[in-house]
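Trainee: Could you have a look at this structure, given as structure tokens, before my questions?
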Amino acid sequence: MIEGFETLAVHAGQEADPRTGAVVPPIYATSTYKQDGVGGLRSGYEYSRSANPTRTALEECLAAIESGTRGLAFASGLAAEDALLRTICRPGDHVIIPDDAYGGTYRLFAKVLQRWGLHFDPVPLGDLDAVRAAVRPATTKAIWVETPTNPLLNIADIEALAAIAHQADARLVVDNTFASPYLQQPLTLGADVVVHSTTKYVGGHSDVIGGALVTGDQGLGEELAYHQNAMGAIAGPFDAWLTLRGIKTLALRMERHCDNAERVVDLLLSHPRVTQVLYPGLAGHPGHEVAAKQMRRFGGMISFRVAGGEEEAVAICDRTKLFTLGESLGGVESLIEHPGRMTHASAVGSPLEVPSDLVRLSVGIETASDLLADLTQALGS
């Protein structure tokens with residue numbers, strides 16, 4: 001039985017094409033399929049919103065590398081989140097979310113699903129007593145987790161939160177985008193569903209938008225698949241193919257992301273204009289012990305705060321030359337951004353508002369010394 005992560009990433013869902021022997025899954029750029037008589041489907045395919053062989057290959061691979069039984073690929077991470085929430089919740093239900101989370105996730109809850117009748121409370125997930133106190137008997141249907149969080153790199157104890165969720169007859173949902181399946185396996189720690197923006201580390205090359213859900217619960221998997229088809233925000237075949245190609249090198253890339261991030265953290269810790277470095281690999285990070293328990297390594301994402309406030313944070317973002325100023329993360333190239341004005345602008349004025357002096361880095365796979373030189377000149381003396 002194949003169990004190695006790297007082997008699964010290369011082979012799961014990707015058997016050689018039986019007709020030609022091609023070792024790379026074909027891109028099935030088709031909307032419909034010839035049926036062998038009315039209702040006589042070939043391998044279950046009838047219409048590409050419902051299923052497409054290229055997407056099937058990706059979904060099988062995603063399930064394998066997340067230690068799940070069912071994977072589903074969507075047009076974006078937010079499309080995956082929306083489909084999940086409208087599958088497991090009804091109007092009047094309640095969800096606990098992190099008090100630090102991706103701005104788009106907060107916007108989905110606050111501006112879209114709240115109007116649909118879904119209630120939510122932001123809670124510091126590192127405080128287990130606060131989580132227990134926030135549970136509403138009979139109406140809390142999910143605890144939504146990011147670990148590490150975006151952008152403050154907070155850590156949540158997946159195993160402990162799974163116990164709280166299941167005691168309340170709720171589900172634990174873990175957004176595993178920042179860690180990637182290589183660094184963290186939430187389903188093995190008790191989570192019910194894993195969410196990904198596959199745009200990020202899973203795809204890894206900043207050339208495709210996508211999202212995914214993975215579960216180990218066959219029944220829930222069927223429900224999610226029904227909603228995926230009914231709602232229609234599926235990954236197209238070329239997007240699925242690009243994402244599948246990215247997965248093949250995920251393990252190799254994540255090791256280099258982590259190596260480079262550790263070098264950058266060392267630089268930032270020693271720089272007089274940096275007032276705080278947020279990285280779960282630091283022994284002084286409040287979530288370090290939990291992260292060490294549930295993660296293989298600590299990832300390629302770093303946030304830091306600077307002397308001089310918001311004006312200086314924005315200026316640093318403008319001064320980098322190798323770090324590209326841009327939203328998103330997890331690609332082979334290094335990115336820098338100001339969360340307060342960019343990815344988390346939708347959270348301004350909310351409990352999830354981020355500090356204005358915060359800078360977020362997505363550390364790429366370039367030569368580490370070049371990255372350090374660029375940050376040094378951007379930070380100034």
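Going through the structure tokens in order, the chains are called A, B, and so on, while each chain numbers its residues from 1 and the ligands are numbered from 1 in the order shown.
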Please report, as JSON lines, each residue of stretch 175-288 of chain A lying at most 6 Å from stretch 302-326 of chain A, together with the nearest pair of atoms and the separation in Å rounded to one decimal; use only C-alpha atoms, and order rows by chain and ascending residue number.

Mentor:
```
{"residue": "A:Arg273", "atom": "CA", "partner": "A:Ala307", "partner_atom": "CA", "distance": 5.4}
{"residue": "A:Val274", "atom": "CA", "partner": "A:Val306", "partner_atom": "CA", "distance": 4.5}
{"residue": "A:Thr275", "atom": "CA", "partner": "A:Val306", "partner_atom": "CA", "distance": 5.2}
{"residue": "A:Gln276", "atom": "CA", "partner": "A:Arg305", "partner_atom": "CA", "distance": 5.2}
{"residue": "A:Val277", "atom": "CA", "partner": "A:Phe304", "partner_atom": "CA", "distance": 4.4}
{"residue": "A:Leu278", "atom": "CA", "partner": "A:Ser303", "partner_atom": "CA", "distance": 5.1}
{"residue": "A:Tyr279", "atom": "CA", "partner": "A:Ile302", "partner_atom": "CA", "distance": 5.6}
```

Trainee: List the spatial neighbours of stretch 175-190 of chain A as an NGL selection string - criterion: any atom at most 9 Å away, only C-alpha atoms, same-chain residues fewer than 5 positions off excluded.

Mentor: :A and (5-6 or 62 or 65-68 or 144-150 or 153 or 158-163 or 195-198 or 200-202 or 214-216 or 250-251 or 254 or 294-301 or 329-330)

Trainee: Just asking: which residues within stretch 155-221 of chain A are alpha helix (DSSP H) according to DSSP, as number ranges by chain?

Mentor: A: 158-167, 180-183, 218-221

Trainee: I need the residues from that last selection saved to file as a compact mmCIF listing (two decimals), in the first residue's frame (with all heavy atoms), if you can.

Mentor:
```txt
# COMPACT_ATOMS: atom_id res chain seq x y z
N ILE A 158 -5.93 21.68 16.86
CA ILE A 158 -6.96 21.01 16.07
C ILE A 158 -7.62 19.88 16.86
O ILE A 158 -8.85 19.74 16.90
CB ILE A 158 -6.37 20.47 14.75
CG1 ILE A 158 -5.89 21.63 13.88
CG2 ILE A 158 -7.40 19.62 14.00
CD1 ILE A 158 -5.07 21.21 12.67
N GLU A 159 -6.81 19.06 17.52
CA GLU A 159 -7.34 17.92 18.26
C GLU A 159 -8.27 18.37 19.39
O GLU A 159 -9.36 17.81 19.59
CB GLU A 159 -6.18 17.09 18.82
CG GLU A 159 -6.56 15.71 19.26
CD GLU A 159 -5.35 14.83 19.50
OE1 GLU A 159 -4.23 15.37 19.66
OE2 GLU A 159 -5.51 13.60 19.54
N ALA A 160 -7.86 19.40 20.13
CA ALA A 160 -8.68 19.89 21.25
C ALA A 160 -9.97 20.51 20.73
O ALA A 160 -11.05 20.31 21.31
CB ALA A 160 -7.89 20.90 22.07
N LEU A 161 -9.91 21.27 19.65
CA LEU A 161 -11.11 21.89 19.10
C LEU A 161 -12.05 20.85 18.49
O LEU A 161 -13.28 21.02 18.54
CB LEU A 161 -10.72 22.94 18.06
CG LEU A 161 -10.07 24.20 18.64
CD1 LEU A 161 -9.45 25.04 17.53
CD2 LEU A 161 -11.07 25.02 19.44
N ALA A 162 -11.50 19.77 17.93
CA ALA A 162 -12.35 18.70 17.42
C ALA A 162 -13.17 18.09 18.54
O ALA A 162 -14.37 17.79 18.37
CB ALA A 162 -11.50 17.63 16.74
N ALA A 163 -12.55 17.91 19.70
CA ALA A 163 -13.27 17.34 20.84
C ALA A 163 -14.42 18.26 21.27
O ALA A 163 -15.53 17.79 21.57
CB ALA A 163 -12.31 17.11 22.00
N ILE A 164 -14.16 19.57 21.31
CA ILE A 164 -15.22 20.53 21.68
C ILE A 164 -16.34 20.51 20.67
O ILE A 164 -17.54 20.48 21.02
CB ILE A 164 -14.63 21.95 21.82
CG1 ILE A 164 -13.62 22.00 22.98
CG2 ILE A 164 -15.74 22.98 22.03
CD1 ILE A 164 -12.86 23.31 23.07
N ALA A 165 -15.99 20.51 19.39
CA ALA A 165 -17.00 20.51 18.34
C ALA A 165 -17.87 19.26 18.41
O ALA A 165 -19.10 19.34 18.36
CB ALA A 165 -16.34 20.63 16.97
N HIS A 166 -17.24 18.12 18.54
CA HIS A 166 -18.00 16.87 18.50
C HIS A 166 -18.86 16.69 19.75
O HIS A 166 -19.95 16.10 19.68
CB HIS A 166 -17.03 15.70 18.32
CG HIS A 166 -16.30 15.77 17.02
ND1 HIS A 166 -15.10 15.14 16.78
CD2 HIS A 166 -16.61 16.42 15.85
CE1 HIS A 166 -14.69 15.39 15.56
NE2 HIS A 166 -15.59 16.17 14.97
N GLN A 167 -18.39 17.21 20.87
CA GLN A 167 -19.21 17.17 22.09
C GLN A 167 -20.49 17.98 21.90
O GLN A 167 -21.54 17.67 22.46
CB GLN A 167 -18.42 17.69 23.29
CG GLN A 167 -19.15 17.53 24.62
CD GLN A 167 -18.26 17.92 25.79
OE1 GLN A 167 -17.27 18.64 25.64
NE2 GLN A 167 -18.60 17.44 26.97
N SER A 180 -0.62 23.83 4.21
CA SER A 180 -0.58 22.88 3.09
C SER A 180 -0.73 21.46 3.62
O SER A 180 -0.41 21.17 4.79
CB SER A 180 0.70 22.98 2.24
OG SER A 180 1.76 22.22 2.82
N PRO A 181 -1.17 20.52 2.77
CA PRO A 181 -1.30 19.14 3.22
C PRO A 181 0.03 18.50 3.60
O PRO A 181 0.07 17.53 4.35
CB PRO A 181 -1.89 18.42 1.99
CG PRO A 181 -2.53 19.50 1.18
CD PRO A 181 -1.69 20.72 1.41
N TYR A 182 1.13 19.03 3.08
CA TYR A 182 2.44 18.46 3.41
C TYR A 182 2.82 18.74 4.85
O TYR A 182 3.39 17.88 5.53
CB TYR A 182 3.50 19.02 2.46
CG TYR A 182 4.90 18.52 2.78
CD1 TYR A 182 5.24 17.19 2.55
CD2 TYR A 182 5.87 19.37 3.30
CE1 TYR A 182 6.52 16.72 2.85
CE2 TYR A 182 7.14 18.92 3.59
CZ TYR A 182 7.46 17.59 3.37
OH TYR A 182 8.73 17.13 3.66
N LEU A 183 2.53 19.93 5.34
CA LEU A 183 2.94 20.30 6.69
C LEU A 183 1.93 19.92 7.76
O LEU A 183 2.31 19.82 8.94
CB LEU A 183 3.20 21.81 6.77
CG LEU A 183 4.33 22.37 5.90
CD1 LEU A 183 4.49 23.86 6.16
CD2 LEU A 183 5.64 21.65 6.18
N GLN A 218 -17.82 9.64 4.42
CA GLN A 218 -18.41 9.33 3.11
C GLN A 218 -19.77 9.99 2.92
O GLN A 218 -20.08 10.51 1.85
CB GLN A 218 -18.56 7.80 2.96
CG GLN A 218 -17.24 7.07 2.76
CD GLN A 218 -16.72 7.16 1.33
OE1 GLN A 218 -17.19 7.97 0.54
NE2 GLN A 218 -15.74 6.34 1.00
N GLY A 219 -20.59 9.98 3.97
CA GLY A 219 -21.91 10.59 3.86
C GLY A 219 -21.84 12.08 3.61
O GLY A 219 -22.54 12.61 2.73
N LEU A 220 -20.97 12.76 4.37
CA LEU A 220 -20.78 14.19 4.16
C LEU A 220 -20.21 14.45 2.77
O LEU A 220 -20.58 15.42 2.10
CB LEU A 220 -19.88 14.78 5.24
CG LEU A 220 -19.54 16.26 5.11
CD1 LEU A 220 -20.80 17.12 5.11
CD2 LEU A 220 -18.61 16.70 6.24
N GLY A 221 -19.31 13.58 2.33
CA GLY A 221 -18.74 13.72 1.00
C GLY A 221 -19.80 13.70 -0.09
O GLY A 221 -19.75 14.48 -1.05
```

Trainee: Near stretch 33-39 of chain A, counting only C-alpha atoms, which residues have an atom at most 10 Å away, once you skip same-chain residues fewer than 4 positions from it, shown as a list in words?

Mentor: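 Surrounding residues, per the criterion: Gly44, Tyr45, Glu46, Tyr47, Ser48 and Asn52 of chain A.
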
Trainee: Export, as an mmCIF file, in the first residue's frame, the selected residues with all heavy atoms.

Mentor:
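Heads up, here's the output in result-v5.cif:
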```cif
data_model
loop_
_atom_site.group_PDB
_atom_site.id
_atom_site.type_symbol
_atom_site.label_atom_id
_atom_site.label_comp_id
_atom_site.auth_asym_id
_atom_site.auth_seq_id
_atom_site.Cartn_x
_atom_site.Cartn_y
_atom_site.Cartn_z
ATOM 1 N N GLY A 44 -19.589 6.853 -15.749
ATOM 2 C CA GLY A 44 -20.316 7.796 -14.904
ATOM 3 C C GLY A 44 -20.319 9.227 -15.379
ATOM 4 O O GLY A 44 -20.825 10.112 -14.680
ATOM 5 N N TYR A 45 -19.782 9.491 -16.570
ATOM 6 C CA TYR A 45 -19.688 10.874 -17.053
ATOM 7 C C TYR A 45 -20.841 11.205 -17.987
ATOM 8 O O TYR A 45 -21.118 10.468 -18.939
ATOM 9 C CB TYR A 45 -18.356 11.102 -17.769
ATOM 10 C CG TYR A 45 -17.171 10.994 -16.828
ATOM 11 C CD1 TYR A 45 -16.378 9.847 -16.805
ATOM 12 C CD2 TYR A 45 -16.874 12.029 -15.951
ATOM 13 C CE1 TYR A 45 -15.306 9.745 -15.937
ATOM 14 C CE2 TYR A 45 -15.802 11.929 -15.070
ATOM 15 C CZ TYR A 45 -15.025 10.784 -15.064
ATOM 16 O OH TYR A 45 -13.976 10.679 -14.191
ATOM 17 N N GLU A 46 -21.500 12.345 -17.698
ATOM 18 C CA GLU A 46 -22.584 12.784 -18.575
ATOM 19 C C GLU A 46 -22.502 14.259 -18.930
ATOM 20 O O GLU A 46 -22.916 14.684 -19.993
ATOM 21 C CB GLU A 46 -23.941 12.497 -17.936
ATOM 22 C CG GLU A 46 -24.161 13.200 -16.607
ATOM 23 C CD GLU A 46 -25.548 12.949 -16.037
ATOM 24 O OE1 GLU A 46 -26.479 12.698 -16.824
ATOM 25 O OE2 GLU A 46 -25.694 13.015 -14.808
ATOM 26 N N TYR A 47 -21.953 15.090 -17.991
ATOM 27 C CA TYR A 47 -21.910 16.541 -18.184
ATOM 28 C C TYR A 47 -20.820 17.067 -17.252
ATOM 29 O O TYR A 47 -20.744 16.657 -16.101
ATOM 30 C CB TYR A 47 -23.286 17.140 -17.847
ATOM 31 C CG TYR A 47 -23.437 18.610 -18.177
ATOM 32 C CD1 TYR A 47 -23.364 19.062 -19.484
ATOM 33 C CD2 TYR A 47 -23.680 19.527 -17.167
ATOM 34 C CE1 TYR A 47 -23.522 20.398 -19.789
ATOM 35 C CE2 TYR A 47 -23.841 20.877 -17.461
ATOM 36 C CZ TYR A 47 -23.765 21.314 -18.778
ATOM 37 O OH TYR A 47 -23.918 22.649 -19.071
ATOM 38 N N SER A 48 -19.983 17.969 -17.747
ATOM 39 C CA SER A 48 -18.768 18.296 -16.998
ATOM 40 C C SER A 48 -18.965 19.180 -15.775
ATOM 41 O O SER A 48 -18.025 19.359 -15.004
ATOM 42 C CB SER A 48 -17.722 18.915 -17.929
ATOM 43 O OG SER A 48 -17.016 17.890 -18.601
ATOM 44 N N ASN A 52 -15.826 15.566 -14.448
ATOM 45 C CA ASN A 52 -14.917 15.651 -15.589
ATOM 46 C C ASN A 52 -13.685 14.814 -15.229
ATOM 47 O O ASN A 52 -13.205 14.906 -14.097
ATOM 48 C CB ASN A 52 -14.543 17.115 -15.852
ATOM 49 C CG ASN A 52 -13.496 17.275 -16.933
ATOM 50 O OD1 ASN A 52 -12.322 17.057 -16.688
ATOM 51 N ND2 ASN A 52 -13.926 17.666 -18.127
#
```

Trainee: What does the distance between atom CA of A:Ala233 and atom CA of A:Ala345 come to in Å, to one decimal place?

Mentor: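 Between atom CA of A:Ala233 and atom CA of A:Ala345 the gap works out to 25.0 Å.
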
Trainee: Which of these residues is nearest to A:Ser346, using only C-alpha atoms: A:Ala110, A:Val363, A:Ala73, A:Leu41?

Mentor: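 Of A:Ala110, A:Val363, A:Ala73, A:Leu41, the one nearest A:Ser346, counting only C-alpha atoms, is A:Ala110.
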
Trainee: Smallest atom-to-atom distance to A:Ala79: which of A:Gly364, A:Gly210, A:Pro98, A:Gly21, using only C-alpha atoms?

Mentor: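 So, comparing all the options, the nearest one is A:Gly210.
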
Trainee: Choose the residue, out of A:Val10, A:Leu372, A:Leu58, A:Ile365, that has the smallest atom-to-atom separation from A:Phe238; count only C-alpha atoms.

Mentor: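 Checking each of A:Val10, A:Leu372, A:Leu58, A:Ile365 against A:Phe238, counting only C-alpha atoms, the winner is A:Leu58.
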